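Pasting start_21.csv here (CSV, C-alpha atoms):
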chain,number,residue,atom,x,y,z
A,28,MET,CA,22.6,4.2,-0.5
A,29,PHE,CA,20.9,1.0,-1.6
A,30,TRP,CA,20.9,1.7,-5.3
A,31,ASP,CA,24.5,2.8,-5.1
A,32,GLU,CA,25.4,-0.6,-3.6
A,33,VAL,CA,23.4,-2.5,-6.2
A,34,ALA,CA,25.1,-0.5,-9.0
A,35,ARG,CA,28.5,-1.4,-7.5
A,36,ARG,CA,27.6,-5.1,-7.3
A,37,PHE,CA,26.2,-5.0,-10.9
A,38,THR,CA,29.4,-3.5,-12.3
A,39,LEU,CA,31.5,-6.0,-10.5
A,40,ALA,CA,29.5,-8.8,-12.1
A,41,ASN,CA,29.5,-7.1,-15.5
A,42,PRO,CA,33.0,-5.7,-16.2
A,43,GLY,CA,33.1,-2.7,-18.5
A,44,VAL,CA,29.6,-1.6,-17.6
A,45,ASP,CA,29.1,1.7,-15.9
A,46,VAL,CA,25.9,2.3,-14.0
A,47,GLN,CA,25.1,5.9,-12.9
A,48,VAL,CA,22.5,6.3,-10.1
A,49,VAL,CA,20.9,9.6,-11.0
A,50,ALA,CA,19.3,10.5,-7.6
A,51,ASP,CA,17.5,9.2,-4.5
A,52,LEU,CA,14.6,11.6,-4.2
A,53,ASP,CA,11.3,11.9,-2.4
A,54,GLN,CA,8.1,11.2,-4.4
A,55,GLY,CA,7.2,14.7,-5.3
A,56,THR,CA,10.7,15.8,-6.4
A,57,TYR,CA,11.2,12.4,-8.1
A,58,MET,CA,8.2,12.8,-10.5
A,59,GLN,CA,9.3,16.4,-11.2
A,60,THR,CA,12.8,15.2,-12.1
A,61,ILE,CA,11.4,12.4,-14.4
A,62,GLY,CA,9.2,15.0,-16.1
A,63,SER,CA,12.1,17.3,-16.7
A,64,ARG,CA,14.2,14.4,-18.1
A,65,VAL,CA,11.3,13.4,-20.4
A,66,ILE,CA,11.1,17.0,-21.8
A,67,GLY,CA,14.9,17.0,-22.1
A,68,GLY,CA,14.9,13.7,-23.9
A,69,ASN,CA,17.2,12.0,-21.4
A,70,MET,CA,15.1,9.6,-19.4
A,71,PRO,CA,17.0,7.1,-17.2
A,72,ASP,CA,17.2,3.6,-18.7
A,73,VAL,CA,15.6,2.1,-15.6
A,74,MET,CA,13.3,3.8,-13.1
A,75,ILE,CA,11.3,3.0,-10.0
A,76,MET,CA,7.7,4.1,-10.3
A,77,ASP,CA,4.8,4.0,-7.9
A,78,ASP,CA,2.3,1.6,-9.4
A,79,TRP,CA,-0.3,4.2,-10.2
A,80,THR,CA,2.2,6.6,-11.8
A,81,THR,CA,3.1,4.3,-14.7
A,82,VAL,CA,-0.1,4.7,-16.7
A,83,PRO,CA,0.5,8.3,-17.9
A,84,LEU,CA,4.0,7.3,-19.2
A,85,ILE,CA,2.6,4.2,-20.9
A,86,ASN,CA,-0.1,6.3,-22.6
A,87,GLU,CA,2.6,8.6,-23.9
A,88,GLY,CA,4.6,5.7,-25.3
A,89,LEU,CA,7.5,6.4,-22.9
A,90,LEU,CA,8.0,2.9,-21.4
A,91,HIS,CA,9.4,-0.3,-23.0
A,92,PRO,CA,7.3,-3.5,-23.0
A,93,LEU,CA,8.8,-6.2,-20.8
A,94,ASP,CA,7.0,-9.4,-21.8
A,95,ASP,CA,9.8,-10.7,-24.0
A,96,PHE,CA,12.4,-10.1,-21.4
A,97,VAL,CA,10.5,-11.8,-18.6
A,98,ALA,CA,9.8,-14.8,-20.9
A,99,SER,CA,13.4,-15.2,-22.0
A,100,ASP,CA,15.1,-14.7,-18.6
A,101,SER,CA,15.4,-18.2,-17.0
A,102,GLY,CA,16.8,-16.6,-13.8
A,103,TYR,CA,13.9,-14.2,-13.3
A,104,HIS,CA,10.8,-15.8,-11.6
A,105,LEU,CA,7.9,-13.4,-11.8
A,106,ASN,CA,5.6,-15.9,-10.1
A,107,GLU,CA,7.7,-15.5,-6.8
A,108,PHE,CA,6.4,-12.0,-6.4
A,109,PRO,CA,2.9,-11.2,-4.9
A,110,ALA,CA,0.1,-11.9,-7.3
A,111,ALA,CA,-1.4,-8.4,-6.7
A,112,MET,CA,1.8,-6.7,-7.9
A,113,VAL,CA,2.3,-9.1,-10.8
A,114,LYS,CA,-1.2,-8.2,-12.0
A,115,ASP,CA,-0.5,-4.5,-11.6
A,116,GLY,CA,2.3,-4.6,-14.2
A,117,PHE,CA,-0.1,-4.9,-17.2
A,118,HIS,CA,-1.7,-2.2,-19.2
A,119,GLY,CA,-3.8,-3.0,-22.3
A,120,GLY,CA,-2.7,-6.6,-22.1
A,121,VAL,CA,1.0,-5.7,-22.2
A,122,ARG,CA,3.5,-5.8,-19.3
A,123,PHE,CA,5.3,-2.5,-18.8
A,124,SER,CA,6.5,-3.0,-15.2
A,125,VAL,CA,7.7,-5.7,-12.8
A,126,PRO,CA,7.3,-5.6,-9.0
A,127,TRP,CA,10.0,-4.1,-6.8
A,128,TYR,CA,8.7,-3.1,-3.3
A,129,GLY,CA,5.3,-3.7,-1.7
A,130,GLY,CA,3.7,-2.0,1.3
A,131,PHE,CA,0.7,-3.3,3.1
A,132,SER,CA,-1.7,-2.5,6.0
A,133,CYS,CA,-1.3,-4.2,9.4
A,134,ILE,CA,-1.9,-3.6,13.1
A,135,PHE,CA,0.6,-2.7,15.8
A,136,TYR,CA,-0.2,-3.7,19.3
A,137,ARG,CA,1.2,-3.2,22.8
A,138,THR,CA,2.4,-6.5,24.0
A,139,ASP,CA,2.8,-5.3,27.6
A,140,LEU,CA,-0.8,-4.2,27.8
A,141,PHE,CA,-2.0,-7.4,26.0
A,142,ARG,CA,-0.2,-9.5,28.6
A,143,ARG,CA,-1.8,-7.6,31.4
A,144,ALA,CA,-5.2,-8.4,29.9
A,145,SER,CA,-4.2,-12.0,29.0
A,146,LEU,CA,-4.8,-11.4,25.2
A,147,GLN,CA,-3.4,-12.5,21.9
A,148,SER,CA,-3.4,-10.3,18.8
A,149,PRO,CA,-6.9,-10.2,17.2
A,150,THR,CA,-7.5,-12.0,13.9
A,151,THR,CA,-11.0,-10.6,13.2
A,152,TRP,CA,-12.6,-7.2,13.7
A,153,LYS,CA,-15.1,-8.8,16.1
A,154,GLU,CA,-12.2,-10.1,18.2
A,155,LEU,CA,-10.6,-6.7,18.1
A,156,VAL,CA,-13.7,-5.0,19.6
A,157,GLU,CA,-14.0,-7.7,22.3
A,158,GLU,CA,-10.3,-7.4,23.1
A,159,CYS,CA,-10.5,-3.6,23.3
A,160,HIS,CA,-13.3,-3.9,25.9
A,161,ARG,CA,-11.1,-6.2,27.9
A,162,LEU,CA,-8.2,-3.8,27.6
A,163,GLN,CA,-10.4,-1.0,28.9
A,164,LYS,CA,-11.2,-3.1,32.0
A,165,MET,CA,-7.9,-4.9,32.6
A,166,ALA,CA,-5.3,-2.4,31.3
A,167,GLY,CA,-7.0,0.9,32.0
A,168,VAL,CA,-6.9,2.1,28.4
A,169,THR,CA,-9.9,4.3,27.7
A,170,ASN,CA,-9.8,4.1,23.9
A,171,PRO,CA,-7.6,1.2,23.0
A,172,PHE,CA,-7.9,1.3,19.2
A,173,GLY,CA,-6.7,3.9,16.7
A,174,MET,CA,-6.8,4.5,13.0
A,175,GLU,CA,-6.9,7.4,10.7
A,176,ALA,CA,-10.6,7.3,10.3
A,177,THR,CA,-10.9,9.9,7.6
A,178,GLU,CA,-8.3,8.7,5.2
A,179,GLY,CA,-9.7,6.7,2.3
A,180,PHE,CA,-6.6,4.6,2.0
A,181,TRP,CA,-7.3,2.8,5.3
A,182,ILE,CA,-11.0,2.3,4.5
A,183,MET,CA,-10.4,0.5,1.2
A,184,PRO,CA,-9.5,-2.9,2.6
A,185,LEU,CA,-12.4,-2.8,5.0
A,186,ILE,CA,-14.7,-2.2,2.1
A,187,TRP,CA,-13.2,-5.2,0.2
A,188,GLN,CA,-13.5,-7.4,3.2
A,189,GLN,CA,-17.3,-6.7,3.3
A,190,GLY,CA,-17.6,-7.6,-0.4
A,191,GLY,CA,-17.8,-4.0,-1.7
A,192,ASP,CA,-15.6,-2.0,-4.1
A,193,ILE,CA,-15.0,1.5,-5.2
A,194,VAL,CA,-14.9,1.4,-9.0
A,195,SER,CA,-16.2,-1.3,-11.3
A,196,ALA,CA,-13.8,-3.6,-13.2
A,197,ASP,CA,-14.2,-1.7,-16.4
A,198,GLU,CA,-13.5,1.6,-14.6
A,199,ARG,CA,-16.7,3.2,-15.9
A,200,THR,CA,-18.9,3.0,-12.8
A,201,VAL,CA,-18.5,4.2,-9.2
A,202,VAL,CA,-19.9,1.4,-7.0
A,203,ILE,CA,-19.5,2.7,-3.4
A,204,ASP,CA,-23.3,2.8,-3.0
A,205,ASN,CA,-23.4,-0.9,-2.1
A,206,PRO,CA,-24.0,-2.7,1.2
A,207,GLY,CA,-20.3,-3.6,1.6
A,208,CYS,CA,-19.1,0.0,1.5
A,209,ILE,CA,-21.9,1.1,3.9
A,210,GLU,CA,-21.2,-1.7,6.3
A,211,ALA,CA,-17.4,-0.9,6.4
A,212,LEU,CA,-18.1,2.8,7.1
A,213,LYS,CA,-20.6,1.9,9.8
A,214,MET,CA,-18.1,-0.4,11.4
A,215,VAL,CA,-15.5,2.4,11.7
A,216,HIS,CA,-18.2,4.7,12.9
A,217,ASP,CA,-19.3,2.2,15.5
A,218,PHE,CA,-15.7,1.9,16.8
A,219,MET,CA,-16.1,5.5,18.0
A,220,TYR,CA,-19.8,6.0,18.9
A,221,ARG,CA,-21.3,2.6,19.7
A,222,ASP,CA,-18.4,0.3,20.7
A,223,ARG,CA,-16.5,3.3,22.2
A,224,ILE,CA,-13.1,1.8,21.6
A,225,MET,CA,-11.7,4.6,19.5
A,226,ASP,CA,-11.4,8.3,20.3
A,227,PRO,CA,-13.6,10.4,18.0
A,228,SER,CA,-10.9,13.0,17.9
A,229,LEU,CA,-9.1,10.7,15.4
A,230,ALA,CA,-11.8,11.6,13.0
A,231,ARG,CA,-11.0,15.3,13.4
A,232,GLY,CA,-7.4,15.3,12.5
A,233,SER,CA,-5.6,14.2,15.6
A,234,ASP,CA,-2.1,12.7,15.1
A,235,LEU,CA,-2.5,8.9,15.4
A,236,LYS,CA,1.2,8.2,16.0
A,237,LEU,CA,1.3,10.7,18.9
A,238,TYR,CA,-1.6,8.7,20.4
A,239,TRP,CA,0.6,5.6,20.1
A,240,GLY,CA,3.7,7.3,21.5
A,241,SER,CA,1.9,8.7,24.5
A,242,GLY,CA,0.4,5.4,25.4
A,243,ARG,CA,-3.2,6.5,24.7
A,244,ILE,CA,-3.9,3.5,22.4
A,245,ALA,CA,-3.0,-0.1,22.6
A,246,ILE,CA,-3.7,-1.1,18.9
A,247,MET,CA,-2.9,1.0,15.8
A,248,LEU,CA,-3.9,0.3,12.2
A,249,TYR,CA,-1.0,1.5,10.1
A,250,GLY,CA,1.4,0.4,7.3
A,251,SER,CA,4.3,-2.0,7.0
A,252,TRP,CA,6.7,0.9,6.2
A,253,LEU,CA,6.5,1.8,9.9
A,254,VAL,CA,7.5,-1.6,11.3
A,255,GLU,CA,11.3,-1.1,11.5
A,256,SER,CA,11.2,2.7,12.1
A,257,LEU,CA,8.8,2.9,15.0
A,258,ASP,CA,11.4,2.3,17.7
A,259,LYS,CA,13.4,5.2,16.4
A,260,GLU,CA,10.4,7.5,16.6
A,261,PHE,CA,9.3,6.2,20.1
A,262,PRO,CA,12.3,4.7,21.8
A,263,ASP,CA,10.4,4.6,25.2
A,264,LEU,CA,8.2,1.9,23.8
A,265,LYS,CA,11.0,-0.3,22.4
A,266,GLY,CA,10.3,-4.0,23.3
A,267,LYS,CA,6.7,-3.3,24.3
A,268,TRP,CA,4.9,-3.8,21.0
A,269,ASP,CA,4.6,-6.3,18.1
A,270,VAL,CA,2.8,-6.4,14.7
A,271,ALA,CA,0.1,-8.7,13.2
A,272,PRO,CA,-1.8,-9.0,9.9
A,273,LEU,CA,-4.8,-6.8,9.4
A,274,PRO,CA,-7.9,-8.4,11.1
A,275,SER,CA,-10.4,-9.9,8.6
A,276,GLY,CA,-14.1,-9.4,8.1
A,277,PRO,CA,-16.3,-11.8,6.0
A,278,ARG,CA,-13.3,-11.9,3.6
A,279,ASN,CA,-9.6,-11.9,4.4
A,280,ILE,CA,-8.3,-9.1,2.3
A,281,GLY,CA,-5.8,-6.3,3.0
A,282,PHE,CA,-4.2,-3.6,0.9
A,283,TYR,CA,-1.0,-4.5,-1.0
A,284,GLY,CA,0.7,-2.2,-3.5
A,285,GLY,CA,3.9,-0.3,-4.1
A,286,GLN,CA,6.7,0.4,-6.5
A,287,HIS,CA,7.7,-1.2,-9.8
A,288,LEU,CA,10.7,-1.2,-12.0
A,289,VAL,CA,10.2,0.1,-15.5
A,290,MET,CA,12.4,0.6,-18.6
A,291,SER,CA,12.5,3.7,-20.7
A,292,GLY,CA,11.1,3.3,-24.1
A,293,SER,CA,14.0,5.4,-25.5
A,294,THR,CA,16.8,3.4,-23.9
A,295,ALA,CA,19.7,2.6,-26.2
A,296,HIS,CA,20.5,-0.5,-24.2
A,297,PRO,CA,17.3,-2.5,-23.5
A,298,GLU,CA,19.1,-5.8,-23.0
A,299,LEU,CA,21.5,-4.3,-20.5
A,300,ALA,CA,18.7,-2.4,-18.8
A,301,TRP,CA,16.7,-5.6,-18.3
A,302,ARG,CA,19.8,-7.3,-17.0
A,303,PHE,CA,20.0,-4.7,-14.3
A,304,ILE,CA,16.3,-5.0,-13.4
A,305,SER,CA,16.7,-8.8,-13.1
A,306,PHE,CA,19.9,-8.4,-11.1
A,307,ALA,CA,18.3,-6.0,-8.6
A,308,SER,CA,15.4,-8.3,-8.1
A,309,ARG,CA,17.5,-11.3,-7.0
A,310,PRO,CA,16.8,-12.5,-3.4
A,311,GLU,CA,20.1,-11.2,-2.1
A,312,ASN,CA,19.4,-7.7,-3.3
A,313,GLN,CA,15.8,-7.8,-2.1
A,314,ARG,CA,17.2,-8.8,1.3
A,315,LEU,CA,19.7,-6.0,1.1
A,316,TRP,CA,16.8,-3.6,0.5
A,317,THR,CA,15.2,-4.5,3.8
A,318,ASP,CA,18.6,-4.5,5.6
A,319,LEU,CA,19.4,-0.9,4.5
A,320,THR,CA,15.9,0.7,4.4
A,321,GLY,CA,13.8,-1.3,6.9
A,322,LEU,CA,11.1,-1.7,4.3
A,323,PRO,CA,9.7,-5.2,3.4
A,324,PRO,CA,10.9,-7.1,0.4
A,325,ALA,CA,8.4,-8.1,-2.3
A,326,LEU,CA,10.0,-11.4,-3.1
A,327,GLN,CA,8.2,-14.1,-1.2
A,328,SER,CA,11.3,-16.4,-0.8
A,329,VAL,CA,13.0,-13.7,1.2
A,330,PHE,CA,10.3,-13.7,3.8
A,331,ASP,CA,10.8,-17.5,4.1
A,332,ASP,CA,14.6,-17.3,4.5
A,333,PRO,CA,15.7,-18.3,8.1
A,334,GLY,CA,18.2,-15.5,8.2
A,335,PHE,CA,15.5,-13.0,7.3
A,336,LYS,CA,13.2,-14.4,10.0
A,337,LYS,CA,16.0,-14.0,12.5
A,338,GLU,CA,17.0,-10.5,11.6
A,339,HIS,CA,13.6,-9.1,10.7
A,340,PRO,CA,11.1,-11.1,12.8
A,341,LYS,CA,8.3,-8.5,12.8
A,342,LEU,CA,8.3,-8.2,9.0
A,343,ALA,CA,8.6,-12.0,8.6
A,344,SER,CA,5.5,-12.4,10.8
A,345,LEU,CA,3.5,-10.4,8.2
A,346,ARG,CA,4.1,-12.7,5.2
A,347,SER,CA,0.4,-13.5,4.9
A,348,ALA,CA,-0.2,-9.9,3.8
A,349,ILE,CA,1.3,-10.8,0.5
A,350,THR,CA,-1.1,-13.6,-0.3
A,351,HIS,CA,-4.2,-11.8,1.0
A,352,GLY,CA,-3.4,-8.4,-0.6
A,353,ARG,CA,-5.0,-6.5,-3.4
A,354,ASN,CA,-4.5,-3.0,-4.8
A,355,ASN,CA,-6.8,-0.1,-5.6
A,356,SER,CA,-8.1,0.8,-9.0
A,357,PHE,CA,-5.8,2.4,-11.5
A,358,ALA,CA,-8.6,4.4,-13.1
A,359,PRO,CA,-7.1,7.7,-14.2
A,360,PHE,CA,-9.6,9.7,-12.1
A,361,PHE,CA,-9.2,7.4,-9.0
A,362,GLU,CA,-7.2,9.9,-7.0
A,363,GLU,CA,-9.6,12.7,-7.6
A,364,ILE,CA,-12.7,10.7,-6.6
A,365,TRP,CA,-11.2,8.7,-3.8
A,366,TYR,CA,-8.8,11.1,-2.1
A,367,ASP,CA,-10.9,14.2,-2.7
A,368,ARG,CA,-14.6,13.6,-3.3
A,369,PHE,CA,-15.0,10.5,-1.1
A,370,VAL,CA,-13.0,11.9,1.8
A,371,ASN,CA,-14.6,15.4,1.7
A,372,ARG,CA,-18.2,14.4,0.8
A,373,VAL,CA,-18.6,11.0,2.6
A,374,LEU,CA,-15.8,10.0,5.0
A,375,GLN,CA,-15.3,13.3,6.9
A,376,PRO,CA,-18.9,14.1,7.5
A,377,ALA,CA,-19.8,10.5,8.3
A,378,MET,CA,-17.1,10.1,11.0
A,379,ALA,CA,-17.4,13.5,12.6
A,380,ASN,CA,-21.0,13.2,13.6
A,381,GLN,CA,-22.4,10.6,15.9
A,382,ASP,CA,-25.8,10.8,14.3
A,383,SER,CA,-24.7,10.8,10.6
A,384,ARG,CA,-26.8,9.0,8.1
A,385,ILE,CA,-24.1,7.0,6.3
A,386,PRO,CA,-26.3,5.6,3.5
A,387,ASP,CA,-27.4,9.1,2.5
A,388,LEU,CA,-23.9,10.4,2.5
A,389,VAL,CA,-22.7,7.5,0.4
A,390,SER,CA,-25.5,7.9,-2.1
A,391,ARG,CA,-24.8,11.6,-2.6
A,392,GLY,CA,-21.0,11.0,-2.7
A,393,ALA,CA,-21.4,8.3,-5.3
A,394,ALA,CA,-23.3,10.6,-7.6
A,395,GLU,CA,-20.6,13.3,-7.4
A,396,MET,CA,-17.9,10.7,-7.9
A,397,GLN,CA,-19.7,9.2,-10.9
A,398,ALA,CA,-20.0,12.7,-12.4
A,399,VAL,CA,-16.2,12.9,-12.3
A,400,ALA,CA,-15.9,9.5,-14.0
A,401,ASP,CA,-18.4,10.4,-16.7
A,402,GLN,CA,-16.6,13.6,-17.4
A,403,TYR,CA,-13.3,11.9,-17.8
A,404,TRP,CA,-14.6,9.2,-20.2
A,405,ALA,CA,-16.5,11.7,-22.2
A,406,SER,CA,-13.2,13.3,-23.1
A,407,HIS,CA,-11.3,10.1,-23.4
A,408,ALA,CA,-13.7,8.0,-25.4
A,409,THR,CA,-11.0,6.1,-27.4
A,410,GLN,CA,-8.6,5.4,-24.5
A,411,GLU,CA,-8.0,1.8,-23.5
A,412,GLY,CA,-9.7,0.4,-20.5
A,413,PRO,CA,-8.2,-1.1,-17.4
A,414,ARG,CA,-5.4,-3.6,-17.0
A,415,PRO,CA,-6.4,-7.2,-17.1
This entry written out as structure tokens:
Amino acid sequence: MFWDEVARRFTLANPGVDVQVVADLDQGTYMQTIGSRVIGGNMPDVMIMDDWTTVPLINEGLLHPLDDFVASDSGYHLNEFPAAMVKDGFHGGVRFSVPWYGGFSCIFYRTDLFRRASLQSPTTWKELVEECHRLQKMAGVTNPFGMEATEGFWIMPLIWQQGGDIVSADERTVVIDNPGCIEALKMVHDFMYRDRIMDPSLARGSDLKLYWGSGRIAIMLYGSWLVESLDKEFPDLKGKWDVAPLPSGPRNIGFYGGQHLVMSGSTAHPELAWRFISFASRPENQRLWTDLTGLPPALQSVFDDPGFKKEHPKLASLRSAITHGRNNSFAPFFEEIWYDRFVNRVLQPAMANQDSRIPDLVSRGAAEMQAVADQYWASHATQEGPRP
């Protein structure tokens, strides 16, 4: 619906131009469709790609460089987009994508329960623990906090906040066996077993959103894509919750990443394709994106617009996530090590056991993850390194 409307607006502004929206598909079907069109030699001129999916297309020479278009378009202001997403558009020193939509981590909290306990939203993890203890006493919530404790995605920003990382900057070395990573894991482990503010069943596959909907938790760590759909899922809680930026640790960092616009390397109309990318990225169309989808815009000026603040107050309150956000590694083996080895070898056993030895689990997991990285680079010795 959104892209159909943008196409309509673009054709009105460019008489004689016909824009065909191929499809609005979910992620899995989308990538299958793109693959089929690559094989068939009929790639779309412009595509939306998740940030981490662009690299294979770039390596196959299937995307068009965008540096010259960005430099020559006086109406396109790349610096108005989040720095994390701007940086993610490079590969081998060349820009192949520009930001479109960014998602980020944040917390949801029950305002009715917070009022009962005379609390404000926490800004640090220390405050969160203290406020959860007060919620236990004043609001009768046994385990006030909830997060998906065995999903690597939610652990990443906590590791960054503690000064740790997952993969080295040159993408050759797994670096989770550092104090920052261990401290972040210990912190989540303590939420369950020492501080007793989170139900350990959330480390064994329980549905976090059902905990929220049933009133079993008062604070939930989740993503911005839920902000404007939560009332539809749980209408009984409408008017009883709000959102706040992710609490900080020693460093104030959260996750920020998302989707980019790219141009097919085989397009017969590169100038027109860029004109469409630039048009879609205008503030009025970024605003339309949120109005129609409920998802946050990536353009910072949209967050600051008074009309946006009035119509989307919860999203507007999360603007700081843009400036404090960073993305995960684009190492080609990252998904395999982080969402497979790390989760299965480190995160799940660490969180499931009250007496787990986290440093030992991290050390063994790091060795297995490094073996995957070594195997990849042994067979890709001439491939370029990471984006700058």
CA of Gly191 (chain A) to CA of Asp204 (chain A), distance in Å rounded to a single decimal: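 Calculated distance between CA of Gly191 (chain A) and CA of Asp204 (chain A) is 8.8 Å.
Distance check against Ser228 (chain A) using all atoms listed in the file: of A:Phe29, A:Gly352, A:Val48, A:Gln375, the minimum falls on A:Gln375.
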How many Å separate CA of Gly232 (chain A) from CA of Ile186 (chain A)?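 It comes out at 21.6 Å.
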Smallest atom-to-atom distance to Ile244 (chain A): which of A:Phe37, A:Trp79, A:Tyr136, A:Phe123, using only C-alpha atoms? A:Tyr136
Using only C-alpha atoms, find the one residue out of A:Ser308, A:Thr177, A:Ser406, A:Ser241 that sits nearest to Pro376 (chain A).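 Closest to Pro376 (chain A), using only C-alpha atoms: A:Thr177.
Residue nearest Pro324 (chain A), chosen from A:Ala348, A:Ile304, A:Val82, A:Cys159 and counting only C-alpha atoms: A:Ala348.
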What's the 12 Å shell around region 180-184 of chain A, counting all atoms listed in the file, without same-chain residues fewer than 5 positions away, as an NGL selection string? :A and (131-134 or 173-175 or 189-194 or 203 or 207-216 or 247-250 or 273-284 or 348 or 351-356 or 361-362 or 365-367 or 369-370 or 373-374 or 378)
